[in-house]
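Engineer: Have a look at the structure that comes next, please.
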Amino acid sequence: MCGKEEAAPTVVQLPTGKALTVRAAADLFLDSFGNPNTVRTYGIGVGKTALRLGEGRPLGSVADDEVGEALELFWGTAAVNTWNSRRASVLSWLAWCRERGYECPAVPAWAKRLAVPDSETPAHSRMAIDRLIARREVHLREKTLYRMLYETAARSDEILGVNIEDLDFAGRPCQVKAKGARTKARRRGQTHEDFVLETVYWDAGTARLLPRLLKGRTRGPVFVTHRRAGPGKVVGPRDVCPDTDFARLSYGQARALLDGHTAVRGPGSGWDLHEYRHSALTHLGEQGASLLMLMAKSRHKKPENLRRYFKPSPAAIAELTSLLAPGDSRR
């Protein structure tokens, strides 16, 4: 029996000749993407830039500096990531046109990609993390969550999304749906929720707390609320414990609980869940973990992205500096 035929790839009909207006070039480039989310992402940078350059002009008549001036006008004062994203979309657009033989400008050299600044998220000491988890008023659920976030160095939404059936208690790994997780190349009949997963590992601290938290539960979310979902809240079957009907603990709820345990200057001044990831990677780096091992642990694809998470303490820098002292002065 024949299944549903797969959709044919998008075919873009290029106009004859090498002259192309700015608007036509933008439309052709955006039409070459089949994913509407990709079109939306690229469309912001390309659409505004095309409008500024003059949509009816021949693309070949546009000077490089005009492209740079348009970028500077719209995103010159925006956040670094926004500038880099919009610049990259215009760069891809013009490269796409050039590869197809059309006369077009380039993004000028002075409109450079900006270096991403270091994250302002702090790294806490191991003693501070241990003392928080040891406090009596911190519930077992939060103790387990904080310890697991620290030992896995995973993103908070990844750990909050873990189900009991995802856990391997023997080897202490579990698979998580990572940030920006891609869908697998699907065979006919597979569901859209078939994601590429990544593995994170926890250690003895989490291993001691998990059995106490689960109390014999074998299915459903690891971290749940203490009450059933309200009648007006739509919750998927994966996000409800089948034994208790308790819903999965949300990021907002977990963030509020952590803030309540750590705020010293009023609500909103406490720790953030993401600080456990920063702290774990910083402590591993201070202990001598190599860059490749840190990338394997954090699952970053680029070293420059990992650098933002590594914030060695003054004591660690002082200890490192002591290695440069004369041999007899360190005795």
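Following the order of the structure tokens, chains are lettered A, B, ..., residues in each are numbered from 1, and ligands are numbered from 1.
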Please provide as a list in words all residues within 8 Å of Cys97 (chain A), with the sequence filter that same-chain residues fewer than 6 positions apart are discarded (counting only C-alpha atoms).
Structural biologist: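 Residues meeting the cut-off are Ala25, Phe29, Glu103 and Cys104 of chain A.
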Engineer: From a DSSP calculation on the backbone, collect every residue of region 29-270 of chain A in strand (DSSP E or B) and output the set as an MDAnalysis selection string.
Structural biologist: chainID A and resid 58 163 167 173:176 183 195 198:201 221 224:228 240 246:248
Engineer: Got a sec: who's within 12 Å of region 162-177 of chain A, counting only C-alpha atoms, leaving out chain neighbours fewer than 5 positions off, as JSON, numbers by chain?
Structural biologist: {"A": [145, 148, 149, 151, 152, 154, 155, 156, 157, 182, 183, 193, 194, 195, 196, 197, 198, 199, 200, 201, 202, 203, 204, 205, 206, 207, 208, 209, 210, 211, 213, 214, 215, 216, 217, 218, 219, 220, 221, 222, 223, 224, 237, 238, 239, 240, 241, 242, 247, 248, 249, 250, 297, 299]}
Engineer: Please report, as a VMD selection string, each residue of region 87-250 of chain A to which DSSP assigns alpha helix (DSSP H) when run on this structure's backbone.
Structural biologist: chain A and resid 87 to 99 126 to 134 140 to 152 156 to 160 204 to 214
Engineer: Those selected residues, please, written with C-alpha atoms and delivered as a compact mmCIF listing (two decimals), in the first residue's frame.
Structural biologist:
# COMPACT_ATOMS: atom_id res chain seq x y z
CA ARG A 87 24.20 41.08 9.29
CA ALA A 88 24.48 37.32 8.68
CA SER A 89 21.09 37.19 6.94
CA VAL A 90 22.04 40.03 4.55
CA LEU A 91 25.43 38.42 3.97
CA SER A 92 23.75 35.11 3.04
CA TRP A 93 21.31 36.90 0.74
CA LEU A 94 24.01 38.69 -1.25
CA ALA A 95 26.22 35.58 -1.40
CA TRP A 96 23.25 33.59 -2.72
CA CYS A 97 22.74 36.12 -5.51
CA ARG A 98 26.45 36.24 -6.36
CA GLU A 99 26.66 32.45 -6.62
CA ARG A 126 30.99 24.87 45.35
CA MET A 127 30.59 25.59 49.08
CA ALA A 128 27.70 28.00 48.40
CA ILE A 129 25.94 25.40 46.22
CA ASP A 130 26.43 22.63 48.80
CA ARG A 131 25.18 24.85 51.65
CA LEU A 132 22.04 25.80 49.72
CA ILE A 133 21.21 22.17 48.95
CA ALA A 134 21.84 21.18 52.58
CA LEU A 140 13.76 17.42 48.44
CA ARG A 141 12.47 18.19 44.94
CA GLU A 142 14.51 21.39 44.75
CA LYS A 143 17.57 19.74 46.33
CA THR A 144 17.50 17.09 43.61
CA LEU A 145 16.93 19.62 40.84
CA TYR A 146 19.78 21.88 41.96
CA ARG A 147 22.19 18.96 42.38
CA MET A 148 21.26 17.52 38.99
CA LEU A 149 21.62 20.88 37.25
CA TYR A 150 25.08 21.28 38.78
CA GLU A 151 26.37 17.76 38.12
CA THR A 152 25.08 17.55 34.54
CA SER A 156 17.54 24.05 33.12
CA ASP A 157 14.76 23.42 30.57
CA GLU A 158 16.55 20.23 29.48
CA ILE A 159 16.56 18.79 33.01
CA LEU A 160 13.02 19.94 33.79
CA ALA A 204 26.73 10.46 43.20
CA GLY A 205 24.93 13.45 44.72
CA THR A 206 22.03 13.18 42.28
CA ALA A 207 22.09 9.36 42.50
CA ARG A 208 21.50 9.55 46.28
CA LEU A 209 18.59 11.98 46.00
CA LEU A 210 16.66 10.62 43.01
CA PRO A 211 15.29 7.42 44.65
CA ARG A 212 14.05 9.44 47.62
CA LEU A 213 12.33 11.91 45.30
CA LEU A 214 10.69 9.33 43.02
Engineer: Pick from A:Leu306, A:Ala316, A:Pro58, A:Leu257: nearest to Glu286 (chain A), with only C-alpha atoms counted?
Structural biologist: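 Looking only at the distances to Glu286 (chain A), the closest residue turns out to be A:Ala316.
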Engineer: Work out how far CA of Asp243 (chain A) is from CA of Ala256 (chain A), in Å to one decimal.
Structural biologist: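 Distance between the two atoms: 25.8 Å.
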Engineer: Provide the CA of Trp110 (chain A) to CA of Gly68 (chain A) distance in Å, to one decimal place.
Structural biologist: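 Spanning CA of Trp110 (chain A) to CA of Gly68 (chain A) is a straight-line distance of 7.7 Å.
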